[in-house]
file input-v7.cif (mmCIF, C-alpha atoms and all ligand atoms)
data_protein
#
loop_
_atom_site.label_atom_id
_atom_site.label_comp_id
_atom_site.auth_asym_id
_atom_site.auth_seq_id
_atom_site.Cartn_x
_atom_site.Cartn_y
_atom_site.Cartn_z
CA MET O 146 -41.16 75.21 -16.08
CA SER O 147 -39.38 72.12 -17.43
CA PRO O 148 -41.13 68.78 -16.82
CA ALA O 149 -40.45 67.01 -13.51
CA LEU O 150 -38.27 63.92 -13.23
CA SER O 151 -40.68 60.97 -13.43
CA VAL O 152 -39.80 57.91 -11.41
CA ILE O 153 -41.86 54.95 -12.58
CA GLY O 154 -41.47 52.08 -10.19
CA SER O 155 -42.19 50.05 -7.13
CA ILE O 156 -43.56 51.24 -3.81
CA ASN O 157 -43.13 48.89 -0.83
CA LEU O 158 -43.43 48.83 2.89
CA ASP O 159 -40.16 47.36 4.21
CA LEU O 160 -40.47 45.09 7.25
CA VAL O 161 -36.91 44.97 8.54
CA ALA O 162 -35.52 42.50 11.08
CA THR O 163 -32.03 43.45 12.27
CA ALA O 164 -30.11 40.56 13.83
CA ALA O 165 -26.52 39.56 14.55
CA THR O 166 -26.39 37.23 11.55
CA LEU O 167 -28.43 36.42 8.44
CA PRO O 168 -30.11 33.00 8.42
CA ALA O 169 -28.71 30.20 6.24
CA PRO O 170 -31.34 28.18 4.31
CA GLY O 171 -33.37 26.23 6.87
CA GLU O 172 -31.91 28.14 9.84
CA THR O 173 -33.91 30.21 12.35
CA VAL O 174 -32.19 33.30 13.74
CA THR O 175 -33.82 34.88 16.80
CA GLY O 176 -33.19 38.01 18.87
CA ALA O 177 -33.87 40.40 15.98
CA VAL O 178 -35.30 43.93 16.31
CA LEU O 179 -38.20 44.75 13.97
CA ALA O 180 -38.72 48.08 12.18
CA ARG O 181 -41.05 49.29 9.40
CA HIS O 182 -39.84 51.75 6.78
CA PRO O 183 -41.13 53.03 3.44
CA GLY O 184 -39.21 51.34 0.61
CA GLY O 185 -39.34 49.90 -2.90
CA LYS O 186 -36.65 50.66 -5.45
CA GLY O 187 -38.83 53.12 -7.34
CA ALA O 188 -40.00 55.04 -4.29
CA ASN O 189 -36.48 55.06 -2.83
CA GLN O 190 -35.09 56.53 -6.04
CA ALA O 191 -37.89 59.11 -6.20
CA LEU O 192 -37.24 60.28 -2.64
CA ALA O 193 -33.46 60.26 -3.12
CA ALA O 194 -33.75 62.45 -6.23
CA SER O 195 -36.10 64.82 -4.42
CA ARG O 196 -33.79 65.14 -1.39
CA LEU O 197 -30.96 65.89 -3.83
CA GLY O 198 -32.88 68.82 -5.26
CA ALA O 199 -34.87 67.44 -8.23
CA ARG O 200 -38.58 68.10 -8.79
CA VAL O 201 -40.00 64.57 -8.83
CA ALA O 202 -43.27 62.90 -9.86
CA MET O 203 -43.78 59.25 -8.90
CA ILE O 204 -45.84 56.83 -10.99
CA GLY O 205 -46.85 53.51 -9.41
CA ARG O 206 -49.51 51.57 -7.56
CA VAL O 207 -50.37 50.70 -3.98
CA GLY O 208 -53.28 48.90 -2.32
CA THR O 209 -56.03 50.57 -0.33
CA ASP O 210 -54.74 48.97 2.89
CA ALA O 211 -53.15 50.78 5.83
CA MET O 212 -49.67 49.90 4.56
CA ALA O 213 -50.15 52.24 1.59
CA ASP O 214 -50.12 55.34 3.81
CA GLU O 215 -47.01 54.12 5.61
CA ALA O 216 -45.28 53.33 2.31
CA LEU O 217 -46.01 56.80 0.90
CA ALA O 218 -45.40 58.85 4.06
CA LEU O 219 -41.87 60.09 3.32
CA LEU O 220 -42.57 60.81 -0.37
CA LYS O 221 -45.51 62.92 0.77
CA ALA O 222 -43.43 64.68 3.41
CA ASP O 223 -40.85 65.61 0.77
CA ASP O 224 -43.50 67.01 -1.62
CA VAL O 225 -42.95 64.40 -4.32
CA ASP O 226 -45.89 64.62 -6.77
CA LEU O 227 -48.01 61.54 -6.02
CA GLY O 228 -50.72 62.29 -8.63
CA GLY O 229 -49.52 59.33 -10.73
CA ILE O 230 -50.04 56.77 -7.98
CA ALA O 231 -53.13 54.60 -8.23
CA ALA O 232 -54.72 52.95 -5.17
CA ASP O 233 -56.01 49.50 -6.12
CA PRO O 234 -58.70 47.93 -3.87
CA GLN O 235 -58.04 44.50 -5.42
CA SER O 236 -54.42 44.12 -4.29
CA ALA O 237 -52.15 44.65 -1.32
CA THR O 238 -49.44 47.28 -1.10
CA GLY O 239 -46.05 45.76 -1.98
CA VAL O 240 -44.06 44.44 0.97
CA ALA O 241 -40.35 43.66 1.29
CA LEU O 242 -39.21 41.31 4.04
CA ILE O 243 -35.65 42.39 4.85
CA ALA O 244 -33.09 40.84 7.16
CA VAL O 245 -30.07 42.99 8.10
CA ASP O 246 -27.01 41.67 9.95
CA ALA O 247 -24.49 43.38 12.23
CA ALA O 248 -22.28 44.25 9.25
CA GLY O 249 -25.18 46.01 7.48
CA GLU O 250 -25.56 43.32 4.80
CA ASN O 251 -29.08 42.28 3.88
CA GLN O 252 -31.33 39.65 2.38
CA ILE O 253 -34.57 40.79 0.74
CA ILE O 254 -37.70 38.98 -0.38
CA VAL O 255 -40.32 41.11 -2.15
CA ALA O 256 -44.06 40.39 -2.36
CA PRO O 257 -44.88 42.84 -5.19
CA GLY O 258 -48.66 43.05 -4.63
CA ALA O 259 -49.98 46.13 -6.45
CA ASN O 260 -46.60 46.79 -8.12
CA ALA O 261 -47.18 43.77 -10.35
CA LEU O 262 -50.35 45.41 -11.67
CA VAL O 263 -48.72 48.54 -13.08
CA THR O 264 -49.47 47.79 -16.72
CA PRO O 265 -48.58 49.90 -19.78
CA ALA O 266 -52.18 51.21 -19.65
CA ALA O 267 -51.37 52.87 -16.32
CA LEU O 268 -48.69 55.04 -17.92
CA PRO O 269 -49.18 58.51 -19.43
CA ALA O 270 -49.41 58.46 -23.25
CA THR O 271 -46.22 60.53 -23.46
CA LEU O 272 -43.36 61.07 -21.04
CA GLU O 273 -41.74 64.38 -21.85
CA GLY O 274 -39.22 64.88 -19.07
CA PRO O 275 -36.45 62.65 -17.76
CA VAL O 276 -37.46 59.24 -16.36
CA ILE O 277 -35.94 56.72 -13.99
CA LEU O 278 -37.02 53.07 -14.19
CA GLN O 279 -36.09 49.85 -12.39
CA LEU O 280 -37.22 46.23 -12.82
CA GLU O 281 -39.59 45.80 -9.87
CA LEU O 282 -42.50 46.51 -12.25
CA PRO O 283 -43.45 44.17 -15.13
CA VAL O 284 -40.80 44.34 -17.89
CA ALA O 285 -43.55 45.09 -20.45
CA THR O 286 -44.40 48.25 -18.49
CA VAL O 287 -40.77 49.32 -18.33
CA ALA O 288 -40.45 48.73 -22.08
CA ALA O 289 -43.61 50.77 -22.76
CA ALA O 290 -42.32 53.63 -20.60
CA VAL O 291 -39.00 53.65 -22.44
CA ALA O 292 -40.84 53.69 -25.79
CA ARG O 293 -42.93 56.70 -24.68
CA ALA O 294 -40.05 58.68 -23.18
CA SER O 295 -38.73 61.57 -25.21
CA GLY O 296 -36.17 62.77 -22.66
CA PHE O 297 -33.32 61.32 -20.61
CA VAL O 298 -33.89 57.64 -19.69
CA ALA O 299 -32.13 56.16 -16.64
CA LEU O 300 -32.53 52.40 -16.29
CA ASN O 301 -31.57 50.58 -13.11
CA LEU O 302 -31.53 46.92 -14.19
CA ALA O 303 -32.39 45.61 -10.72
CA PRO O 304 -33.40 42.99 -9.87
CA ALA O 305 -31.84 41.37 -12.96
CA ALA O 306 -34.33 40.15 -15.58
CA GLN O 307 -34.35 39.65 -19.34
CA VAL O 308 -34.97 43.02 -21.05
CA PRO O 309 -35.50 43.59 -24.81
CA ALA O 310 -32.40 44.80 -26.64
CA ASP O 311 -34.13 47.98 -27.88
CA VAL O 312 -34.83 48.99 -24.27
CA LEU O 313 -31.15 48.67 -23.37
CA ALA O 314 -30.17 50.53 -26.54
CA ARG O 315 -32.43 53.51 -25.73
CA ALA O 316 -31.01 54.11 -22.25
CA ASP O 317 -29.02 57.28 -21.60
CA LEU O 318 -27.86 55.78 -18.31
CA ILE O 319 -27.83 52.15 -17.16
CA VAL O 320 -26.92 51.32 -13.56
CA VAL O 321 -26.07 47.78 -12.42
CA ASN O 322 -24.17 46.21 -9.54
CA GLU O 323 -21.44 43.63 -10.14
CA THR O 324 -23.84 40.66 -10.03
CA GLU O 325 -26.22 42.32 -12.48
CA ALA O 326 -23.29 43.28 -14.72
CA GLY O 327 -22.40 39.57 -14.90
CA PHE O 328 -26.03 38.68 -15.78
CA TYR O 329 -26.23 41.17 -18.68
CA GLY O 330 -22.63 40.90 -19.94
CA ASP O 331 -21.71 42.85 -23.05
CA SER O 332 -25.36 43.53 -23.94
CA LEU O 333 -25.19 46.47 -21.51
CA HIS O 334 -22.86 48.33 -23.79
CA GLN O 335 -25.53 48.64 -26.50
CA ALA O 336 -26.82 51.60 -24.47
CA ARG O 337 -26.69 54.88 -26.35
CA GLY O 338 -25.50 56.57 -23.15
CA VAL O 339 -23.29 55.52 -20.26
CA VAL O 340 -23.24 52.40 -18.07
CA ALA O 341 -22.39 52.65 -14.36
CA VAL O 342 -21.27 49.52 -12.51
CA THR O 343 -21.38 49.84 -8.72
CA LEU O 344 -18.80 47.96 -6.67
CA GLY O 345 -20.18 48.32 -3.12
CA GLY O 346 -17.62 49.87 -0.77
CA LYS O 347 -15.09 50.02 -3.61
CA GLY O 348 -17.07 52.67 -5.51
CA ALA O 349 -18.15 52.60 -9.13
CA ARG O 350 -16.95 52.67 -12.73
CA LEU O 351 -18.56 54.43 -15.67
CA PHE O 352 -18.38 53.10 -19.24
CA LYS O 353 -19.33 54.48 -22.65
CA GLY O 354 -19.48 51.97 -25.50
CA GLY O 355 -17.64 49.45 -23.29
CA VAL O 356 -14.73 51.84 -22.60
CA GLU O 357 -14.15 53.15 -19.07
CA VAL O 358 -14.62 56.92 -18.92
CA ALA O 359 -14.56 57.52 -15.14
CA ARG O 360 -14.10 55.79 -11.81
CA ALA O 361 -14.75 56.94 -8.25
CA THR O 362 -14.31 55.68 -4.72
CA PRO O 363 -16.66 56.55 -1.86
CA PRO O 364 -15.62 58.14 1.43
CA THR O 365 -14.89 55.65 4.22
CA VAL O 366 -17.97 55.36 6.43
CA ARG O 367 -19.33 53.19 9.25
CA VAL O 368 -21.79 50.76 7.65
CA ILE O 369 -25.10 50.40 9.48
CA ASP O 370 -27.46 49.22 6.72
CA THR O 371 -26.77 48.94 2.99
CA THR O 372 -30.50 48.79 2.06
CA GLY O 373 -31.36 51.54 -0.41
CA ALA O 374 -27.76 52.62 -1.04
CA GLY O 375 -27.92 51.41 -4.63
CA ASP O 376 -31.17 53.33 -5.15
CA CYS O 377 -29.54 56.45 -3.75
CA PHE O 378 -26.63 56.00 -6.19
CA VAL O 379 -29.04 55.68 -9.17
CA ALA O 380 -30.92 58.84 -8.22
CA ALA O 381 -27.76 60.82 -7.46
CA LEU O 382 -26.05 59.90 -10.72
CA THR O 383 -29.20 60.77 -12.67
CA VAL O 384 -29.53 64.14 -10.92
CA ALA O 385 -25.84 64.88 -11.49
CA LEU O 386 -25.95 64.01 -15.21
CA LEU O 387 -29.14 66.05 -15.66
CA GLU O 388 -27.24 68.97 -14.11
CA ASP O 389 -24.46 68.41 -16.69
CA MET O 390 -21.81 67.58 -14.09
CA PRO O 391 -18.70 66.17 -15.78
CA ALA O 392 -18.57 62.35 -15.66
CA GLU O 393 -15.85 62.02 -13.00
CA ARG O 394 -17.56 64.46 -10.65
CA ALA O 395 -21.03 63.01 -11.27
CA LEU O 396 -19.75 59.55 -10.34
CA ALA O 397 -18.04 60.89 -7.20
CA PHE O 398 -21.29 62.67 -6.25
CA ALA O 399 -23.27 59.42 -6.66
CA CYS O 400 -20.70 57.36 -4.71
CA THR O 401 -20.74 59.92 -1.89
CA ALA O 402 -24.55 59.93 -1.74
CA GLY O 403 -24.61 56.11 -1.72
CA ALA O 404 -21.99 56.00 1.05
CA LEU O 405 -23.99 58.38 3.23
CA ALA O 406 -27.07 56.16 2.76
CA VAL O 407 -25.34 53.18 4.41
CA THR O 408 -24.60 55.13 7.59
CA ARG O 409 -28.23 55.09 8.76
CA ALA O 410 -30.88 52.38 9.11
CA GLY O 411 -33.74 51.86 6.65
CA ALA O 412 -34.00 52.50 2.91
CA GLN O 413 -35.80 55.84 2.84
CA PRO O 414 -34.89 57.24 6.28
CA SER O 415 -31.22 56.89 5.33
CA LEU O 416 -31.33 58.90 2.10
CA PRO O 417 -29.13 62.03 2.34
CA THR O 418 -30.06 65.61 1.52
CA ARG O 419 -28.21 67.69 -1.06
CA ALA O 420 -26.56 69.69 1.72
CA GLU O 421 -25.21 66.50 3.33
CA VAL O 422 -23.78 65.24 0.03
CA ASN O 423 -22.26 68.62 -0.80
CA ALA O 424 -20.64 68.79 2.64
CA ALA O 425 -19.19 65.29 2.32
CA MET O 426 -17.89 66.09 -1.20
CA GLU O 427 -16.30 69.26 0.15
CA SER O 428 -14.59 67.54 3.05
CA ALA O 429 -13.24 64.92 0.62
CA GLY O 430 -11.90 67.74 -1.58
CA LYS O 431 -14.26 66.84 -4.40
CA ALA O 432 -16.46 69.96 -4.48
CA GLY O 433 -16.19 72.23 -7.44
O1 LIG F 1 -33.31 48.48 -3.10
C1 LIG F 1 -33.85 48.34 -1.82
C2 LIG F 1 -35.32 48.05 -1.91
O2 LIG F 1 -35.51 46.81 -2.51
C3 LIG F 1 -36.02 47.95 -0.56
O3 LIG F 1 -36.48 49.20 -0.09
C4 LIG F 1 -37.12 46.94 -0.82
O4 LIG F 1 -38.39 47.47 -0.77
C5 LIG F 1 -36.79 46.32 -2.18
O5 LIG F 1 -37.65 46.75 -3.15
#
call {"tool": "encode", "arguments": {"input": "input-v7.cif", "output": "structure tokens"}}
result
Amino acid sequence: MSPALSVIGSINLDLVATAATLPAPGETVTGAVLARHPGGKGANQALAASRLGARVAMIGRVGTDAMADEALALLKADDVDLGGIAADPQSATGVALIAVDAAGENQIIVAPGANALVTPAALPATLEGPVILQLELPVATVAAAVARASGFVALNLAPAAQVPADVLARADLIVVNETEAGFYGDSLHQARGVVAVTLGGKGARLFKGGVEVARATPPTVRVIDTTGAGDCFVAALTVALLEDMPAERALAFACTAGALAVTRAGAQPSLPTRAEVNAAMESAGKAG
């Protein structure tokens, strides 16, 4: 059996307050409804890839508090391999405080807790299969994982942070949103593979060596909550490229998956299954 897709990244419990509007600095907004959902960019991407049909192993760290079980519940329910997750009695499980408004836009503050303690020493000595990484773990850990990876490397440069040039250069896939694309500029195009830039409701563009090779638009959907949609896109594009889908179709697949993720509340509860994405692709005439 070929090695599983390893997702090395953050695991959070998302505490989500949904209100009519987002607060401005110094403003108090009341009347919100509170929900708790499993989240974290790494865990979201792991679950998204699993729901899209990949065999996934997650590597990360939680606390030994009650939030850890809540944060891992949906990964466990989807049979993601959790053998690479350490439980650290010295630190709290990561928490994201999320505000969502009536248009589905959000503001997020992350208290990384145990995620900040995933050091290079916590990683396997070699990573043989494909890997997905984001920047909610220390950059040194991400760099060490990239150095140890011998297979496909997908790098979601979120949230934006300075990353060594050799890490960017090694990536087979880089995914950024428009803001992150502005932060990294032309350095993105050092990647040996492709660079996807997501454009929210307008879709995404795919570049190779700075030249556009594909673009896609998502289906029109009713936006409930955009949290986790970017993570869904990262996982879907990785799964599609690992399945050797042609670039145009892979990008359409990822845009469709991301669009479905905004139609439901919560990061992980909103992630679509493979059957849902296939059905949406088919009804948009993009199956094939
Ligand atoms: O990308 C969305 C995620 O960012 C949330 O689930 C939250 O935990 C933060 O890490």
call {"tool": "closest_residue", "arguments": {"input": "input-v7.cif", "among": "O:Ala361, O:Val276, O:Ala247, O:Ala395", "to": "O:Gly296", "atoms": "all atoms listed in the file"}}
result
O:Val276
call {"tool": "residues_near_ligand", "arguments": {"input": "input-v7.cif", "ligand": "ligand LIG 1 (chain F)", "cutoff": "10 Å", "atoms": "all atoms listed in the file", "output": "VMD selection string"}}
result
chain O and resid 154 to 161 182 to 190 216 239 to 243 251 to 257 279 to 281 303 to 304 371 to 377 411 to 413
call {"tool": "atom_distance", "arguments": {"input": "input-v7.cif", "atom1": "atom CA of O:Ala424", "atom2": "atom CA of O:Arg196"}}
result
14.2 Å
call {"tool": "residues_around", "arguments": {"input": "input-v7.cif", "residues": "stretch 234-236 of chain O", "least_positions_apart": "3", "cutoff": "7 Å", "atoms": "all atoms listed in the file", "output": "list in words"}}
result
Gly208, Thr209, Gly258 and Ala259 of chain O
call {"tool": "atom_distance", "arguments": {"input": "input-v7.cif", "atom1": "atom CA of O:Val358", "atom2": "atom CA of O:Ala289"}}
result
29.9 Å
call {"tool": "closest_residue", "arguments": {"input": "input-v7.cif", "among": "O:Ala232, O:Leu333, O:Ala248, O:Ala222", "to": "O:Ala165", "atoms": "only C-alpha atoms"}}
result
O:Ala248
call {"tool": "atom_distance", "arguments": {"input": "input-v7.cif", "atom1": "atom CA of O:Thr271", "atom2": "atom CA of O:Ile153"}}
result
13.0 Å
